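Have a look at query-v7.txt below; it lists compact mmCIF, C-alpha atoms.
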```txt
# COMPACT_ATOMS: atom_id res chain seq x y z
CA GLY A 1 -150.61 -140.81 123.82
CA VAL A 2 -153.09 -137.99 124.18
CA LEU A 3 -156.61 -139.25 124.80
CA CYS A 4 -159.87 -137.96 123.39
CA PRO A 5 -162.27 -136.40 125.87
CA LYS A 6 -165.44 -138.32 126.73
CA GLN A 7 -164.00 -141.77 125.96
CA SER A 8 -165.09 -144.87 127.83
CA ARG A 9 -162.50 -146.61 129.98
CA LEU A 10 -161.98 -149.27 127.28
CA GLU A 11 -161.52 -146.63 124.57
CA GLN A 12 -158.98 -144.71 126.68
CA GLU A 13 -156.38 -147.36 125.93
CA LYS A 14 -156.32 -146.13 122.31
CA PRO A 15 -154.83 -142.75 121.33
CA CYS A 16 -157.14 -140.14 119.82
CA PHE A 17 -156.45 -139.47 116.14
CA GLY A 18 -159.62 -137.47 115.48
CA ARG A 19 -158.32 -134.31 117.10
CA LEU A 20 -154.83 -133.15 117.98
CA LEU A 21 -154.63 -132.13 121.59
CA HIS A 22 -151.49 -130.68 123.13
CA SER A 23 -149.95 -131.46 126.46
CA GLN A 24 -147.20 -129.28 127.94
CA LYS A 25 -144.47 -131.56 126.58
CA ALA A 26 -145.93 -131.32 123.07
CA LEU A 27 -145.43 -127.56 122.76
CA VAL A 28 -142.99 -126.41 120.09
CA ARG A 29 -139.67 -125.29 121.46
CA SER A 30 -137.79 -124.66 118.24
CA ASP A 31 -134.37 -123.04 118.36
CA THR A 32 -134.60 -122.64 114.59
CA PRO A 33 -137.74 -120.75 113.55
CA VAL A 34 -138.90 -121.12 109.98
CA SER A 35 -138.52 -118.25 107.51
CA SER A 36 -141.74 -117.53 105.62
CA GLY A 37 -139.71 -115.84 102.85
CA TRP A 38 -137.62 -118.92 102.20
CA LEU A 39 -140.62 -121.23 102.26
CA ASN A 40 -142.86 -119.12 100.03
CA SER A 41 -140.09 -118.30 97.53
CA TYR A 42 -139.08 -121.94 97.35
CA GLN A 43 -142.65 -123.08 96.71
CA VAL A 44 -143.31 -120.42 94.04
CA ILE A 45 -140.09 -121.37 92.22
CA ILE A 46 -141.13 -125.05 92.21
CA ILE A 47 -144.54 -124.12 90.82
CA ALA A 48 -143.03 -121.89 88.11
CA LEU A 49 -140.40 -124.43 87.05
CA ASN A 50 -142.90 -127.30 86.96
CA ILE A 51 -145.33 -125.32 84.83
CA THR A 52 -142.48 -124.21 82.54
CA ALA A 53 -141.27 -127.81 82.20
CA PHE A 54 -144.79 -128.94 81.27
CA VAL A 55 -145.47 -126.14 78.78
CA LEU A 56 -142.08 -126.60 77.08
CA ASN A 57 -142.15 -130.42 77.52
CA GLN A 58 -138.69 -130.36 79.08
CA PHE A 59 -137.99 -133.50 81.10
CA TRP A 60 -134.53 -132.25 82.11
CA LEU A 61 -136.15 -129.36 83.99
CA VAL A 62 -138.25 -131.82 85.98
CA ALA A 63 -135.04 -133.72 86.78
CA LEU A 64 -133.33 -130.49 87.88
CA VAL A 65 -136.19 -129.62 90.27
CA ALA A 66 -136.10 -133.17 91.69
CA VAL A 67 -132.34 -133.03 92.31
CA VAL A 68 -132.46 -129.56 93.89
CA MET A 69 -135.33 -130.60 96.18
CA LEU A 70 -133.61 -133.81 97.27
CA VAL A 71 -130.22 -132.17 97.83
CA GLY A 72 -131.91 -129.38 99.78
CA ALA A 73 -133.69 -131.93 101.97
CA LEU A 74 -130.41 -133.74 102.65
CA LEU A 75 -128.65 -130.46 103.48
CA GLY A 76 -131.57 -129.26 105.62
CA ARG A 77 -132.22 -126.10 103.60
CA PRO A 78 -134.86 -125.07 101.08
CA GLY A 79 -133.66 -126.34 97.71
CA PHE A 80 -134.06 -123.01 95.94
CA GLY A 81 -133.29 -121.01 99.08
CA PHE A 82 -130.23 -119.49 97.44
CA VAL A 83 -132.55 -117.53 95.11
CA TYR A 84 -134.27 -116.03 98.14
CA GLN A 85 -131.02 -115.46 100.06
CA TYR A 86 -129.03 -113.78 97.29
CA LEU A 87 -131.70 -112.17 95.08
CA LEU A 88 -135.15 -111.78 96.61
CA LYS A 89 -134.24 -110.86 100.20
CA PRO A 90 -131.49 -108.31 99.43
CA THR A 91 -133.64 -106.52 96.85
CA GLY A 92 -136.64 -106.46 99.20
CA TRP A 93 -138.87 -108.16 96.63
CA VAL A 94 -140.05 -110.66 99.22
CA LYS A 95 -140.91 -109.77 102.80
CA SER A 96 -140.29 -112.44 105.36
CA HIS A 97 -141.17 -113.29 108.93
CA LEU A 98 -139.77 -115.93 111.23
CA LEU A 99 -142.53 -118.34 112.17
CA PRO A 100 -142.57 -120.28 115.46
CA ASP A 101 -142.45 -123.65 113.72
CA ASN A 102 -140.18 -126.66 113.38
CA PRO A 103 -137.92 -126.94 110.32
CA GLU A 104 -137.91 -130.76 110.40
CA PRO A 105 -141.43 -131.25 108.95
CA HIS A 106 -140.59 -128.83 106.14
CA ARG A 107 -137.40 -130.76 105.33
CA PHE A 108 -139.41 -133.98 105.31
CA ALA A 109 -142.01 -132.39 103.01
CA GLN A 110 -139.25 -131.21 100.67
CA GLY A 111 -137.75 -134.70 100.56
CA LEU A 112 -141.15 -136.27 99.95
CA GLY A 113 -141.86 -133.79 97.15
CA GLY A 114 -138.40 -134.45 95.73
CA ALA A 115 -139.07 -138.19 95.77
CA PHE A 116 -142.33 -137.66 93.83
CA MET A 117 -140.47 -135.41 91.38
CA LEU A 118 -137.79 -138.10 90.97
CA CYS A 119 -140.50 -140.70 90.26
CA GLY A 120 -142.04 -138.25 87.78
CA THR A 121 -138.65 -137.82 86.11
CA VAL A 122 -138.13 -141.57 85.78
CA ALA A 123 -141.67 -141.99 84.39
CA LEU A 124 -141.16 -139.21 81.84
CA PHE A 125 -137.82 -140.56 80.61
CA SER A 126 -139.32 -144.09 80.49
CA GLY A 127 -142.16 -143.06 78.20
CA PHE A 128 -144.93 -142.93 80.81
CA SER A 129 -145.70 -139.29 80.23
CA SER A 130 -149.19 -139.25 81.79
CA LEU A 131 -147.86 -140.69 85.05
CA GLY A 132 -144.79 -138.44 84.98
CA TRP A 133 -146.69 -135.22 84.34
CA GLY A 134 -149.33 -136.27 86.85
CA LEU A 135 -146.67 -136.51 89.57
CA VAL A 136 -145.13 -133.18 88.51
CA TRP A 137 -148.54 -131.47 88.62
CA MET A 138 -149.31 -133.05 92.00
CA VAL A 139 -146.16 -131.47 93.46
CA ALA A 140 -147.01 -128.11 91.86
CA VAL A 141 -150.59 -128.17 93.21
CA LEU A 142 -149.42 -129.11 96.72
CA ALA A 143 -146.81 -126.33 96.62
CA ALA A 144 -149.58 -123.89 95.64
CA LEU A 145 -151.75 -125.18 98.50
CA ASN A 146 -148.85 -124.45 100.85
CA VAL A 147 -148.17 -120.93 99.53
CA PHE A 148 -151.73 -119.74 99.06
CA GLY A 149 -153.66 -121.89 101.55
CA GLY A 150 -151.13 -122.25 104.35
CA PHE A 151 -151.37 -126.05 104.40
CA CYS A 152 -148.32 -128.30 103.95
CA LEU A 153 -149.34 -131.90 103.23
CA GLY A 154 -145.81 -133.20 103.83
CA CYS A 155 -145.74 -131.46 107.24
CA PHE A 156 -149.13 -133.02 108.01
CA VAL A 157 -147.73 -136.48 107.22
CA TYR A 158 -144.63 -135.78 109.35
CA TYR A 159 -146.68 -134.72 112.38
CA TRP A 160 -148.96 -137.74 112.16
CA LEU A 161 -145.97 -140.07 111.84
CA SER A 162 -144.68 -138.39 115.01
CA ARG A 163 -148.03 -138.99 116.73
CA LEU A 164 -147.81 -142.66 115.76
CA GLY A 165 -144.36 -142.88 117.38
CA VAL A 166 -142.44 -143.65 114.18
CA PRO A 167 -138.69 -143.35 114.93
CA GLY A 168 -137.10 -140.20 113.50
CA PHE A 169 -140.34 -138.21 113.68
CA SER A 170 -140.21 -136.47 117.05
CA LYS A 171 -141.59 -132.95 116.61
CA ASN A 172 -145.14 -131.83 117.31
CA PRO A 173 -147.04 -128.95 115.70
CA PRO A 174 -147.04 -125.56 117.40
CA PRO A 175 -149.72 -125.07 120.06
CA ASP A 176 -153.25 -124.50 118.73
CA THR A 177 -152.12 -125.36 115.19
CA PHE A 178 -153.67 -128.16 113.17
CA PRO A 179 -150.91 -130.45 111.83
CA GLY A 180 -149.66 -129.07 108.51
CA MET A 181 -151.24 -125.63 108.85
CA ARG A 182 -149.12 -122.49 108.97
CA PRO A 183 -148.68 -121.49 112.65
CA LYS A 184 -150.78 -118.58 113.82
CA GLY A 185 -148.28 -117.70 116.51
CA VAL A 186 -146.29 -114.52 116.84
CA LYS A 187 -144.32 -113.57 113.76
CA HIS A 188 -140.99 -111.86 114.12
CA ASP A 189 -139.39 -109.85 111.35
CA GLU A 190 -136.46 -111.60 109.77
CA HIS A 191 -133.22 -109.63 109.79
```
Represent the structure contained in this file as structure tokens.
Amino acid sequence: GVLCPKQSRLEQEKPCFGRLLHSQKALVRSDTPVSSGWLNSYQVIIIALNITAFVLNQFWLVALVAVVMLVGALLGRPGFGFVYQYLLKPTGWVKSHLLPDNPEPHRFAQGLGGAFMLCGTVALFSGFSSLGWGLVWMVAVLAALNVFGGFCLGCFVYYWLSRLGVPGFSKNPPPDTFPGMRPKGVKHDEH
């Protein structure tokens, strides 16, 4: 593991979790950059549908969002990416850039959000409306944090699971990027 600076010899046996430091092998080398248009559109659609479901008290809409998120995670694509691909991108309503990031943490975050939405769906249909709506609102708030604040909690969890050596979590954040934050690297226009 990467060690913290200024540790005693005894402390150097333990990895540093206070700060993420990058070695050469930890740099992102992604062959599949992440589209900001897909990510932002996807998050805004989740927020809008969750708010609509709450205002109209429509449990089926919560279930639909959960299914789309989980299927998207399994297929490795943003669940509502088709809206971006076939409506928003061709009309020019959403501008996009390719970010030097890994898609795997975003898929994990989508699956995690989908799991919380599924739990919210089960709670709502089981009569535990406060729990159900609480989970739905949690997903909406975290999606808003991602879109407007540039922080993805699910990506943060993924990167720290990677740091802990959990099997299946092998990617590291881009250089000079705090785990879960939107990369500040070079953006390339998406074609």
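Candidate residues A:Ala109, A:Ala140, A:Leu118, A:Leu39 were compared for distance to Val62 (chain A), and the nearest is A:Leu118, using all atoms listed in the file.
The residue that comes closest to Pro174 (chain A), out of A:Cys155, A:Val141, A:Val147, A:Ala53 and on the basis of all atoms listed in the file, is A:Cys155.
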Practice prompt. Quick one: pull the distance between CA of Pro175 (chain A) and CA of Gly72 (chain A), Å, one decimal.
Written response: 27.3 Å
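For Leu61 (chain A), the set of protein, DNA and RNA residues having any atom at most 12 Å away, when counting all atoms listed in the file and skipping those fewer than 2 positions along the same chain, is Ile46, Ala48, Leu49, Asn50, Ile51, Thr52, Ala53, Phe54, Val55, Leu56, Asn57, Gln58, Phe59, Ala63, Leu64, Val65, Ala66, Val67, Val68, Met117, Leu118, Gly120, Thr121, Leu124, Phe125 and Val136 of chain A.
With only the atoms specified (only C-alpha atoms) counting, those residues at most 10 Å away from (-140.1, -132.4, 101.2) are Met69, Leu70, Gly72, Ala73, Leu74, Pro78, Gly79, Glu104, Pro105, His106, Arg107, Phe108, Ala109, Gln110, Gly111, Leu112, Gly113, Gly114, Ala115, Phe116, Val139, Cys152, Leu153, Gly154, Cys155 and Tyr158 of chain A.
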Item to complete: Might you pull out every residue within 10 Å of Ala123 (chain A), with all atoms listed in the file counted and same-chain residues fewer than 5 positions away left off, and present them as a ChimeraX atom specification?
Response: /A:59,117-118,128-135
Output of the above residues as an mmCIF file, keeping the file's coordinate frame, restricted to C-alpha atoms:
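The file below, selection-v2.cif, is the result:
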```cif
data_model
loop_
_atom_site.group_PDB
_atom_site.id
_atom_site.type_symbol
_atom_site.label_atom_id
_atom_site.label_comp_id
_atom_site.auth_asym_id
_atom_site.auth_seq_id
_atom_site.Cartn_x
_atom_site.Cartn_y
_atom_site.Cartn_z
ATOM 1 C CA PHE A 59 -137.990 -133.500 81.100
ATOM 2 C CA MET A 117 -140.470 -135.410 91.380
ATOM 3 C CA LEU A 118 -137.790 -138.100 90.970
ATOM 4 C CA PHE A 128 -144.930 -142.930 80.810
ATOM 5 C CA SER A 129 -145.700 -139.290 80.230
ATOM 6 C CA SER A 130 -149.190 -139.250 81.790
ATOM 7 C CA LEU A 131 -147.860 -140.690 85.050
ATOM 8 C CA GLY A 132 -144.790 -138.440 84.980
ATOM 9 C CA TRP A 133 -146.690 -135.220 84.340
ATOM 10 C CA GLY A 134 -149.330 -136.270 86.850
ATOM 11 C CA LEU A 135 -146.670 -136.510 89.570
#
```
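Interatomic distance, CA of Ser162 (chain A) against CA of Trp38 (chain A): 24.4 Å.
Compared by their closest atoms to Arg182 (chain A), and using all atoms listed in the file, the residues A:Val122, A:Val44, A:Val166, A:Leu99 rank with A:Leu99 nearest.
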Worksheet, complete the sentence: Pairwise distance, CA of Gly149 (chain A) with CA of Gly168 (chain A), equals 27.4 Å
Report as JSON the centre and the edge lengths, in Å to one decimal, of the axis-aligned box holding every listed atom of region 160-169 of chain A, padded by 4 Å on each side.
```
{"center_x": -143.0, "center_y": -140.7, "center_z": 114.6, "size_x": 19.9, "size_y": 13.9, "size_z": 13.5}
```
Discussion item. Using all atoms listed in the file for the distances, tell me which of A:Val71, A:Trp137, A:Tyr84, A:Gln43 is nearest to Ser96 (chain A).
Written reply: A:Tyr84
Worksheet item: When distances are computed from all atoms listed in the file, which of A:Pro90, A:Gly150, A:Gly127, A:Gly37 shows the smallest separation from Thr177 (chain A)?
Response: A:Gly150
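With only C-alpha atoms as the atoms that count, the minimum distance from Lys184 (chain A) to the choices A:Leu87, A:Asp101, A:Gly92, A:Ile45 is reached by A:Asp101.
Close to (-145.3, -137.9, 113.0), meaning no more than 8 Å away when counting all atoms listed in the file, sit the residues A:Phe156, A:Val157, A:Tyr158, A:Tyr159, A:Trp160, A:Leu161, A:Ser162, A:Arg163, A:Leu164, A:Gly165, A:Val166, A:Phe169, A:Ser170, A:Lys171, A:Asn172.
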Requested write-out: C-alpha atoms of the selected residues, as a compact mmCIF listing (two decimals), keeping the file's coordinate frame:
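To be explicit, this is the file written out as result.txt:
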```
# COMPACT_ATOMS: atom_id res chain seq x y z
CA PHE A 156 -149.13 -133.02 108.01
CA VAL A 157 -147.73 -136.48 107.22
CA TYR A 158 -144.63 -135.78 109.35
CA TYR A 159 -146.68 -134.72 112.38
CA TRP A 160 -148.96 -137.74 112.16
CA LEU A 161 -145.97 -140.07 111.84
CA SER A 162 -144.68 -138.39 115.01
CA ARG A 163 -148.03 -138.99 116.73
CA LEU A 164 -147.81 -142.66 115.76
CA GLY A 165 -144.36 -142.88 117.38
CA VAL A 166 -142.44 -143.65 114.18
CA PHE A 169 -140.34 -138.21 113.68
CA SER A 170 -140.21 -136.47 117.05
CA LYS A 171 -141.59 -132.95 116.61
CA ASN A 172 -145.14 -131.83 117.31
```
